[in-house]
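Engineer: Structure: coords-v6.cif, mmCIF, C-alpha atoms.
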```cif
data_input
loop_
_atom_site.label_atom_id
_atom_site.label_comp_id
_atom_site.auth_asym_id
_atom_site.auth_seq_id
_atom_site.Cartn_x
_atom_site.Cartn_y
_atom_site.Cartn_z
CA MET A 1 48.05 -8.87 -3.03
CA LYS A 2 44.41 -9.34 -3.94
CA LYS A 3 43.92 -12.69 -5.66
CA ILE A 4 42.39 -12.57 -9.11
CA SER A 5 39.52 -15.06 -9.00
CA LYS A 6 39.11 -15.21 -12.79
CA PRO A 7 42.55 -14.66 -14.36
CA HIS A 8 41.21 -15.37 -17.88
CA ASP A 9 38.66 -12.57 -17.63
CA LYS A 10 41.07 -10.13 -16.00
CA LEU A 11 43.72 -10.60 -18.70
CA PHE A 12 41.16 -10.39 -21.52
CA LYS A 13 39.71 -7.17 -20.11
CA GLU A 14 43.17 -5.68 -19.52
CA VAL A 15 44.12 -6.31 -23.14
CA MET A 16 40.94 -5.77 -25.13
CA GLY A 17 39.70 -3.00 -22.81
CA ASP A 18 42.53 -0.86 -24.20
CA ILE A 19 41.16 0.95 -27.24
CA GLU A 20 44.41 0.91 -29.23
CA THR A 21 44.80 -2.83 -28.69
CA ALA A 22 41.15 -3.41 -29.60
CA LYS A 23 41.66 -1.43 -32.82
CA SER A 24 44.68 -3.59 -33.59
CA PHE A 25 42.65 -6.77 -33.11
CA ILE A 26 39.80 -5.53 -35.30
CA GLN A 27 42.19 -4.45 -38.06
CA HIS A 28 44.25 -7.67 -38.05
CA TYR A 29 41.82 -10.45 -37.22
CA LEU A 30 38.35 -9.58 -38.48
CA PRO A 31 37.52 -10.47 -42.10
CA PRO A 32 39.09 -7.87 -44.47
CA LYS A 33 35.71 -7.30 -46.18
CA ILE A 34 34.36 -6.14 -42.78
CA VAL A 35 37.48 -4.21 -41.69
CA ARG A 36 37.28 -1.94 -44.75
CA LEU A 37 33.79 -0.87 -43.67
CA ILE A 38 34.78 0.13 -40.11
CA ASP A 39 36.10 3.58 -39.23
CA PRO A 40 38.93 2.76 -36.74
CA GLU A 41 38.81 6.26 -35.24
CA SER A 42 35.18 5.78 -34.26
CA ILE A 43 35.79 2.79 -31.97
CA THR A 44 34.71 3.37 -28.37
CA ILE A 45 34.12 0.89 -25.57
CA GLU A 46 30.74 0.41 -23.89
CA THR A 47 30.71 -0.47 -20.18
CA ASP A 48 27.72 -2.82 -19.96
CA SER A 49 28.02 -6.60 -19.81
CA TYR A 50 25.26 -8.85 -21.12
CA ILE A 51 26.35 -12.19 -19.65
CA GLU A 52 23.90 -13.95 -17.31
CA LYS A 53 25.27 -14.49 -13.82
CA ASP A 54 25.07 -18.28 -14.07
CA LEU A 55 27.29 -18.20 -17.18
CA SER A 56 29.81 -15.62 -15.97
CA GLU A 57 32.13 -18.45 -14.90
CA TYR A 58 32.55 -19.46 -18.54
CA PHE A 59 32.12 -16.25 -20.53
CA PHE A 60 33.30 -12.66 -20.48
CA ASP A 61 32.23 -9.96 -22.91
CA LEU A 62 33.15 -6.52 -24.20
CA LEU A 63 31.07 -4.30 -26.45
CA PHE A 64 32.50 -1.69 -28.83
CA ARG A 65 30.52 1.02 -30.59
CA VAL A 66 31.79 1.62 -34.14
CA LYS A 67 30.82 3.32 -37.39
CA MET A 68 30.36 1.02 -40.38
CA GLN A 69 29.68 2.78 -43.69
CA GLN A 70 28.97 5.93 -41.65
CA GLU A 71 26.21 4.10 -39.75
CA GLU A 72 26.37 3.30 -36.03
CA GLY A 73 27.06 -0.34 -35.27
CA TYR A 74 28.66 -2.61 -32.69
CA VAL A 75 31.41 -5.20 -32.39
CA TYR A 76 30.53 -7.62 -29.62
CA LEU A 77 33.41 -9.75 -28.28
CA LEU A 78 32.42 -12.84 -26.32
CA PHE A 79 35.34 -14.53 -24.59
CA GLU A 80 34.61 -18.25 -24.10
CA HIS A 81 37.15 -19.91 -21.82
CA LYS A 82 35.61 -23.31 -21.30
CA SER A 83 37.78 -26.25 -22.33
CA LYS A 84 35.03 -27.73 -24.49
CA VAL A 85 33.05 -26.25 -27.37
CA ASP A 86 29.71 -24.72 -26.42
CA LYS A 87 27.20 -25.71 -29.11
CA HIS A 88 24.60 -23.33 -27.68
CA VAL A 89 26.71 -20.19 -28.06
CA SER A 90 24.76 -18.94 -31.10
CA LEU A 91 21.53 -19.01 -29.08
CA GLN A 92 23.23 -17.24 -26.16
CA LEU A 93 24.66 -14.63 -28.51
CA LEU A 94 21.23 -13.96 -29.97
CA GLY A 95 19.98 -13.20 -26.47
CA TYR A 96 22.85 -10.81 -25.79
CA MET A 97 22.34 -9.07 -29.14
CA THR A 98 18.63 -8.67 -28.39
CA SER A 99 19.51 -7.05 -25.05
CA ILE A 100 21.79 -4.59 -26.84
CA TRP A 101 19.12 -3.74 -29.41
CA LYS A 102 16.52 -3.16 -26.68
CA LYS A 103 18.66 -0.31 -25.33
CA THR A 104 18.44 1.52 -28.68
CA VAL A 105 14.64 1.33 -29.14
CA PRO A 106 12.79 3.23 -30.61
CA ARG A 107 15.69 4.10 -32.92
CA PRO A 108 16.31 1.80 -35.92
CA LEU A 109 18.38 -1.25 -34.95
CA SER A 110 22.16 -1.15 -35.51
CA VAL A 111 24.27 -3.92 -37.04
CA ILE A 112 26.05 -6.03 -34.42
CA LEU A 113 29.12 -8.03 -35.41
CA PRO A 114 29.49 -10.85 -32.84
CA VAL A 115 32.95 -12.39 -32.38
CA VAL A 116 33.60 -15.46 -30.25
CA PHE A 117 37.06 -15.71 -28.67
CA TYR A 118 37.84 -19.36 -28.02
CA GLN A 119 40.98 -20.62 -26.30
CA GLY A 120 40.18 -24.32 -25.75
CA ARG A 121 42.30 -27.12 -27.19
CA GLU A 122 39.36 -28.97 -28.71
CA LYS A 123 38.58 -27.88 -32.25
CA TRP A 124 35.50 -25.66 -32.52
CA GLU A 125 32.82 -27.49 -34.49
CA ALA A 126 29.65 -25.64 -33.47
CA PRO A 127 27.82 -24.05 -36.46
CA GLN A 128 28.45 -20.34 -36.95
CA TRP A 129 25.15 -19.73 -38.74
CA PHE A 130 22.19 -19.62 -36.37
CA SER A 131 19.85 -21.26 -38.91
CA ASN A 132 21.98 -24.43 -38.72
CA ARG A 133 20.65 -24.98 -35.20
CA PHE A 134 17.25 -25.87 -36.69
CA SER A 135 16.64 -29.48 -37.65
CA ASN A 136 16.57 -30.21 -41.38
CA SER A 137 16.91 -26.52 -42.26
CA ASP A 138 18.66 -27.42 -45.52
CA ARG A 139 15.68 -29.52 -46.64
CA MET A 140 12.99 -27.24 -45.26
CA ASP A 141 10.33 -25.85 -47.60
CA GLY A 142 11.09 -22.30 -48.74
CA ASP A 143 7.90 -20.88 -47.30
CA LEU A 144 8.73 -22.33 -43.87
CA LYS A 145 12.25 -20.93 -43.98
CA ASP A 146 10.76 -17.45 -43.95
CA TYR A 147 10.11 -17.92 -40.25
CA ILE A 148 13.66 -18.85 -39.30
CA PRO A 149 15.80 -15.95 -37.98
CA ASP A 150 19.42 -16.06 -39.04
CA TYR A 151 22.80 -14.45 -38.43
CA LYS A 152 26.45 -15.46 -38.35
CA TYR A 153 29.11 -14.96 -35.68
CA GLU A 154 32.83 -14.73 -36.38
CA LEU A 155 35.10 -17.25 -34.64
CA PHE A 156 38.57 -16.40 -33.37
CA GLU A 157 40.18 -19.68 -32.34
CA ILE A 158 43.35 -18.71 -30.49
CA SER A 159 44.88 -22.17 -30.10
CA SER A 160 44.82 -22.74 -33.88
CA LEU A 161 46.98 -19.68 -34.59
CA ARG A 162 50.39 -20.44 -36.06
CA ASP A 163 53.44 -18.47 -34.96
CA GLU A 164 53.52 -16.42 -38.15
CA GLU A 165 49.85 -15.50 -37.69
CA VAL A 166 50.42 -13.77 -34.34
CA LYS A 167 50.45 -10.11 -35.30
CA GLY A 168 49.23 -6.68 -34.25
CA ALA A 169 50.11 -4.30 -31.40
CA LYS A 170 52.69 -5.48 -28.86
CA ARG A 171 50.23 -6.02 -26.02
CA LEU A 172 47.95 -7.98 -28.35
CA ARG A 173 50.83 -10.22 -29.50
CA ILE A 174 51.90 -10.85 -25.90
CA TYR A 175 48.34 -11.74 -24.95
CA LEU A 176 47.89 -14.17 -27.86
CA ASP A 177 51.20 -15.93 -27.19
CA VAL A 178 50.46 -16.17 -23.46
CA ILE A 179 47.05 -17.73 -24.16
CA ARG A 180 48.52 -20.08 -26.79
CA LEU A 181 51.10 -21.51 -24.39
CA ARG A 182 48.63 -24.01 -22.94
CA ALA A 183 47.85 -25.45 -26.38
CA LEU A 184 51.42 -25.70 -27.69
CA ARG A 185 53.09 -29.10 -27.86
CA GLY A 186 56.81 -29.73 -27.54
CA LYS A 187 59.43 -27.97 -25.42
CA ALA A 188 60.97 -26.17 -28.40
CA ALA A 189 57.64 -24.59 -29.47
CA ILE A 190 56.83 -23.56 -25.90
CA ARG A 191 60.29 -22.07 -25.37
CA GLU A 192 60.10 -20.12 -28.64
CA ALA A 193 56.71 -18.64 -27.70
CA MET A 194 57.94 -17.76 -24.19
CA LEU A 195 61.03 -16.07 -25.61
CA ARG A 196 58.80 -13.95 -27.87
CA VAL A 197 56.71 -13.02 -24.83
CA ALA A 198 59.81 -12.04 -22.83
CA VAL A 199 61.32 -9.97 -25.65
CA THR A 200 58.08 -8.16 -26.49
CA ILE A 201 57.37 -7.39 -22.81
CA SER A 202 60.86 -5.92 -22.48
CA GLU A 203 60.08 -3.60 -25.43
CA LEU A 204 56.96 -2.09 -23.81
CA PRO A 205 57.40 1.53 -22.66
CA ARG A 206 57.43 1.86 -18.84
CA THR A 207 53.97 3.41 -18.47
CA GLU A 208 51.56 2.82 -15.61
CA ALA A 209 49.19 0.94 -17.93
CA ASN A 210 51.95 -1.33 -19.23
CA GLU A 211 53.19 -2.06 -15.71
CA ARG A 212 49.66 -3.09 -14.71
CA PHE A 213 49.43 -5.22 -17.86
CA PHE A 214 52.74 -6.91 -17.00
CA GLN A 215 51.50 -7.66 -13.48
CA VAL A 216 48.21 -9.14 -14.74
CA CYS A 217 50.12 -11.27 -17.31
CA THR A 218 52.43 -12.56 -14.58
CA ILE A 219 49.51 -13.48 -12.31
CA TYR A 220 47.75 -15.21 -15.21
CA LEU A 221 50.86 -17.23 -16.07
CA PHE A 222 51.45 -18.16 -12.43
CA GLU A 223 47.84 -19.33 -12.07
CA THR A 224 47.55 -21.23 -15.37
CA THR A 225 50.96 -22.69 -16.29
CA ASP A 226 52.99 -25.36 -14.56
CA ARG A 227 55.84 -24.22 -12.33
CA GLU A 228 58.55 -25.49 -14.69
CA ASN A 229 57.31 -23.30 -17.56
CA PHE A 230 56.83 -20.30 -15.27
CA GLU A 231 60.40 -20.57 -13.99
CA GLN A 232 61.69 -21.04 -17.53
CA LEU A 233 59.91 -17.87 -18.62
CA SER A 234 61.41 -16.00 -15.68
CA GLU A 235 64.88 -17.17 -16.73
CA LEU A 236 64.25 -16.15 -20.35
CA MET A 237 63.01 -12.79 -19.09
CA LYS A 238 66.28 -12.34 -17.25
CA THR A 239 68.19 -12.53 -20.56
CA VAL A 240 66.35 -9.45 -21.86
CA SER A 241 65.40 -7.60 -18.66
CA GLU A 242 66.73 -8.53 -15.24
CA GLU A 243 64.39 -6.00 -13.63
CA ARG A 244 61.32 -7.61 -15.23
CA SER A 245 62.52 -11.05 -14.13
CA GLU A 246 62.89 -9.86 -10.53
CA LYS A 247 59.38 -8.39 -10.61
CA MET A 248 58.01 -11.69 -11.87
CA GLN A 249 59.64 -13.53 -8.97
CA THR A 250 58.42 -10.94 -6.46
CA ILE A 251 54.83 -11.34 -7.64
CA ALA A 252 55.22 -15.14 -7.64
CA ASP A 253 56.58 -15.12 -4.06
CA MET A 254 53.59 -13.10 -2.88
CA LEU A 255 51.15 -15.43 -4.66
CA ARG A 256 52.84 -18.49 -3.13
CA GLN A 257 52.56 -16.94 0.33
CA GLU A 258 48.90 -16.22 -0.29
CA GLY A 259 48.40 -19.81 -1.44
CA MET A 260 50.02 -21.14 1.72
CA GLU A 261 47.77 -18.95 3.85
CA LYS A 262 44.68 -20.17 2.01
CA GLY A 263 45.80 -23.75 2.58
CA ILE A 264 46.19 -23.11 6.30
CA LEU A 265 42.78 -21.45 6.50
CA LYS A 266 41.16 -24.28 4.54
CA GLY A 267 42.69 -26.84 6.90
CA ARG A 268 41.42 -24.86 9.87
CA GLU A 269 37.91 -24.70 8.43
CA GLU A 270 37.86 -28.43 7.74
CA GLY A 271 39.00 -29.10 11.28
CA LEU A 272 36.30 -26.86 12.70
CA GLU A 273 33.67 -28.69 10.67
CA LYS A 274 34.65 -31.90 12.46
CA GLY A 275 33.56 -30.50 15.77
CA MET A 276 36.08 -28.14 17.36
CA GLU A 277 34.75 -26.39 20.42
CA LYS A 278 33.93 -22.69 20.27
CA GLY A 279 36.71 -21.63 22.58
CA MET A 280 39.29 -23.59 20.63
CA GLU A 281 37.97 -22.05 17.41
CA LYS A 282 38.52 -18.51 18.65
CA GLY A 283 41.98 -19.28 19.95
CA MET A 284 42.97 -21.06 16.79
CA GLU A 285 41.63 -18.30 14.56
CA LYS A 286 43.56 -15.70 16.50
CA GLY A 287 46.69 -17.81 16.32
CA MET A 288 46.30 -18.37 12.60
CA GLU A 289 45.86 -14.66 11.94
CA LYS A 290 48.95 -13.92 13.99
CA GLY A 291 50.91 -16.57 12.13
CA MET A 292 49.76 -15.23 8.77
CA GLU A 293 50.86 -11.73 9.70
CA LYS A 294 54.24 -12.99 10.85
CA GLY A 295 54.67 -14.96 7.61
CA ARG A 296 53.92 -11.88 5.52
CA GLU A 297 56.24 -9.72 7.60
CA GLU A 298 59.11 -12.15 7.08
CA LEU A 299 58.44 -12.57 3.35
CA LEU A 300 58.18 -8.81 2.83
CA TRP A 301 61.39 -8.23 4.79
CA LYS A 302 63.19 -10.76 2.55
CA LEU A 303 61.93 -8.92 -0.53
CA ILE A 304 62.98 -5.55 0.91
CA SER A 305 66.44 -6.90 1.84
CA LYS A 306 66.85 -8.35 -1.65
CA LYS A 307 65.92 -5.08 -3.35
CA PHE A 308 67.69 -2.78 -0.87
CA PRO A 309 70.57 -4.80 0.72
CA LYS A 310 71.57 -1.89 2.98
CA ALA A 311 68.06 -1.34 4.36
CA SER A 312 68.00 -0.76 8.12
CA LYS A 313 66.56 -3.52 10.33
CA LYS A 314 64.39 -0.92 11.98
CA TYR A 315 62.12 -1.28 8.95
CA PHE A 316 61.46 -4.89 9.96
CA GLU A 317 60.29 -3.73 13.38
CA ARG A 318 57.99 -1.26 11.66
CA LEU A 319 56.53 -4.06 9.51
CA LYS A 320 55.32 -5.78 12.67
CA SER A 321 52.93 -2.94 13.38
CA LEU A 322 51.20 -3.13 9.95
CA THR A 323 47.97 -4.98 9.22
CA ILE A 324 47.77 -7.73 6.58
CA GLU A 325 46.09 -5.27 4.18
CA GLN A 326 48.89 -2.72 4.71
CA LEU A 327 51.53 -5.40 4.19
CA ASP A 328 49.87 -6.46 0.92
CA SER A 329 49.67 -2.87 -0.28
CA LEU A 330 53.33 -2.25 0.57
CA GLY A 331 54.32 -5.45 -1.25
CA LEU A 332 52.72 -4.23 -4.48
CA GLU A 333 54.24 -0.76 -4.18
CA LEU A 334 57.66 -2.27 -3.44
CA ILE A 335 57.75 -3.69 -6.98
CA ASP A 336 58.09 -0.22 -8.51
CA MET A 337 60.20 1.47 -5.81
CA LYS A 338 63.42 2.92 -7.21
CA ASN A 339 65.33 3.70 -4.02
CA GLU A 340 65.30 3.37 -0.24
CA GLU A 341 63.92 6.87 0.20
CA GLU A 342 60.60 5.74 -1.29
CA LEU A 343 60.57 2.83 1.14
CA LYS A 344 61.31 5.17 4.02
CA LYS A 345 58.21 7.25 3.21
CA HIS A 346 56.03 4.21 3.76
CA LEU A 347 57.66 2.86 6.88
CA MET A 348 58.86 5.88 8.89
#
```
Transcribe the structure of this file into structure tokens.

Structural biologist:
Amino acid sequence: MKKISKPHDKLFKEVMGDIETAKSFIQHYLPPKIVRLIDPESITIETDSYIEKDLSEYFFDLLFRVKMQQEEGYVYLLFEHKSKVDKHVSLQLLGYMTSIWKKTVPRPLSVILPVVFYQGREKWEAPQWFSNRFSNSDRMDGDLKDYIPDYKYELFEISSLRDEEVKGAKRLRIYLDVIRLRALRGKAAIREAMLRVAVTISELPRTEANERFFQVCTIYLFETTDRENFEQLSELMKTVSEERSEKMQTIADMLRQEGMEKGILKGREEGLEKGMEKGMEKGMEKGMEKGMEKGREELLWKLISKKFPKASKKYFERLKSLTIEQLDSLGLELIDMKNEEELKKHLM
């Protein structure tokens, strides 16, 4: 399984990159006075990102083209996943908006509605009006104010949402509850949110897109929550869908195996830095690779045996001839296999 290096970004893109989910967010969470001006059927997603490379670790963005009062405009979503408030975000947004406008020249400029997604626990206190970034702007002479550019961004502070405020399409509600888990306090509140997540996931139709969404959610939860909460969610999932619970555990097992392999490789690299000889390095690397393959073969065989108890042991022998990439690919496909015949196609 390919590790997701930025689980926050991947989950955000998986959710908000779906047009129907994006429409649901716009309709339920933007100010009503703005929503009434937007034609929901006109919403389309743009593919360009405007984040600088040195800030991509902290931000992720999506741009939607919309019609507002029959005029072309944009909704720009900036996902900020730092733990602390960024007081410079209004200046950064202005730069991104300018980049968007430059693409439309020489046509008249379109209205851009910037929205900041914030999931940190610390309350957001940065000013939403750009003019507030200027010193003494409230006491500035009127003539001087003419030279100050101004705009406002909307703030969507996920951690401040109350349970009753989580609304919209199913995938949007799952996403918001999953993100909120880290900010919730008290076992009862966490359990209630996780139960909502489990129930709503079980209600999703079994489409390819929803299965991918479920997988990305599971990886995000595995990477960002403590093991006790992850296991509790898996148990709650079992009460509404045993199949979903088993898939969660399968993905978790593969991620744990990958984590163990990374730990082994990191230890090897640290040892080499201390002065291992070249010959020992080659031998050790070869041995590590062999050990990693064997570990994956054994883990995958356990997963196959669990899903298909009557599976022939000849499949295990076949696993030994596969590369690590092929083993990873088979592991992902195993999640959705319905019978042993599908397994046989891959291994015989």

Engineer: Pick the closest to Ser159 (chain A) from A:Tyr147, A:Leu172, A:Tyr29, A:Trp124: which is it, counting all atoms listed in the file?

Structural biologist: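 Under the stated criterion, the closest residue is A:Trp124.
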
Engineer: I would like the residues chosen by the PyMOL selection byres ((chain A and resi 220) around 10) on the shown file; could you give them as a count of residues only?

Structural biologist: 20

Engineer: Would you mind reading off the distance between CA of Glu71 (chain A) and CA of Leu93 (chain A), one decimal, in Å?

Structural biologist: 21.9 Å

Engineer: Closest to Leu30 (chain A) among A:Glu72, A:Glu325, A:Glu157, A:Glu52, using only C-alpha atoms?

Structural biologist: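 So, comparing all the options, the nearest one is A:Glu157.
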
Engineer: Could you check the closest approach to Lys313 (chain A) for each of A:Lys344, A:Ala252, A:Leu181, A:Ser90 and tell me which residue wins, using all atoms listed in the file?

Structural biologist: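 Counting all atoms listed in the file, the residue closest to Lys313 (chain A) is A:Lys344.
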
Engineer: Which is closer to Tyr175 (chain A) than all the others in A:Leu155, A:Leu78, A:Met16, A:Leu343, using only C-alpha atoms?

Structural biologist: A:Met16

Engineer: Quick one: of A:Lys238, A:Arg121, A:Arg206, A:Arg139, who's nearest to Leu184 (chain A), counting only C-alpha atoms?

Structural biologist: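 That would be A:Arg121, the residue with the smallest distance to Leu184 (chain A).
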
Engineer: On this structure, which residues satisfy the PyMOL selection byres ((chain A and resi 191) around 12), written as a PDB file with C-alpha atoms, in the frame of the given file?

Structural biologist:
```pdb
ATOM      1  CA  ASP A 177      51.200 -15.930 -27.190  1.00  0.00           C
ATOM      2  CA  VAL A 178      50.460 -16.170 -23.460  1.00  0.00           C
ATOM      3  CA  LEU A 181      51.100 -21.510 -24.390  1.00  0.00           C
ATOM      4  CA  LEU A 184      51.420 -25.700 -27.690  1.00  0.00           C
ATOM      5  CA  ARG A 185      53.090 -29.100 -27.860  1.00  0.00           C
ATOM      6  CA  GLY A 186      56.810 -29.730 -27.540  1.00  0.00           C
ATOM      7  CA  LYS A 187      59.430 -27.970 -25.420  1.00  0.00           C
ATOM      8  CA  ALA A 188      60.970 -26.170 -28.400  1.00  0.00           C
ATOM      9  CA  ALA A 189      57.640 -24.590 -29.470  1.00  0.00           C
ATOM     10  CA  ILE A 190      56.830 -23.560 -25.900  1.00  0.00           C
ATOM     11  CA  GLU A 192      60.100 -20.120 -28.640  1.00  0.00           C
ATOM     12  CA  ALA A 193      56.710 -18.640 -27.700  1.00  0.00           C
ATOM     13  CA  MET A 194      57.940 -17.760 -24.190  1.00  0.00           C
ATOM     14  CA  LEU A 195      61.030 -16.070 -25.610  1.00  0.00           C
ATOM     15  CA  ARG A 196      58.800 -13.950 -27.870  1.00  0.00           C
ATOM     16  CA  VAL A 197      56.710 -13.020 -24.830  1.00  0.00           C
ATOM     17  CA  ALA A 198      59.810 -12.040 -22.830  1.00  0.00           C
ATOM     18  CA  GLU A 228      58.550 -25.490 -14.690  1.00  0.00           C
ATOM     19  CA  ASN A 229      57.310 -23.300 -17.560  1.00  0.00           C
ATOM     20  CA  PHE A 230      56.830 -20.300 -15.270  1.00  0.00           C
ATOM     21  CA  GLU A 231      60.400 -20.570 -13.990  1.00  0.00           C
ATOM     22  CA  GLN A 232      61.690 -21.040 -17.530  1.00  0.00           C
ATOM     23  CA  LEU A 233      59.910 -17.870 -18.620  1.00  0.00           C
ATOM     24  CA  SER A 234      61.410 -16.000 -15.680  1.00  0.00           C
ATOM     25  CA  GLU A 235      64.880 -17.170 -16.730  1.00  0.00           C
ATOM     26  CA  LEU A 236      64.250 -16.150 -20.350  1.00  0.00           C
ATOM     27  CA  MET A 237      63.010 -12.790 -19.090  1.00  0.00           C
TER      28      MET A 237
END
```

Engineer: Rounded to one decimal in Å, what is the spacing between CA of Asn210 (chain A) and CA of Lys307 (chain A)?

Structural biologist: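 Taking CA of Asn210 (chain A) and CA of Lys307 (chain A), their separation equals 21.5 Å.
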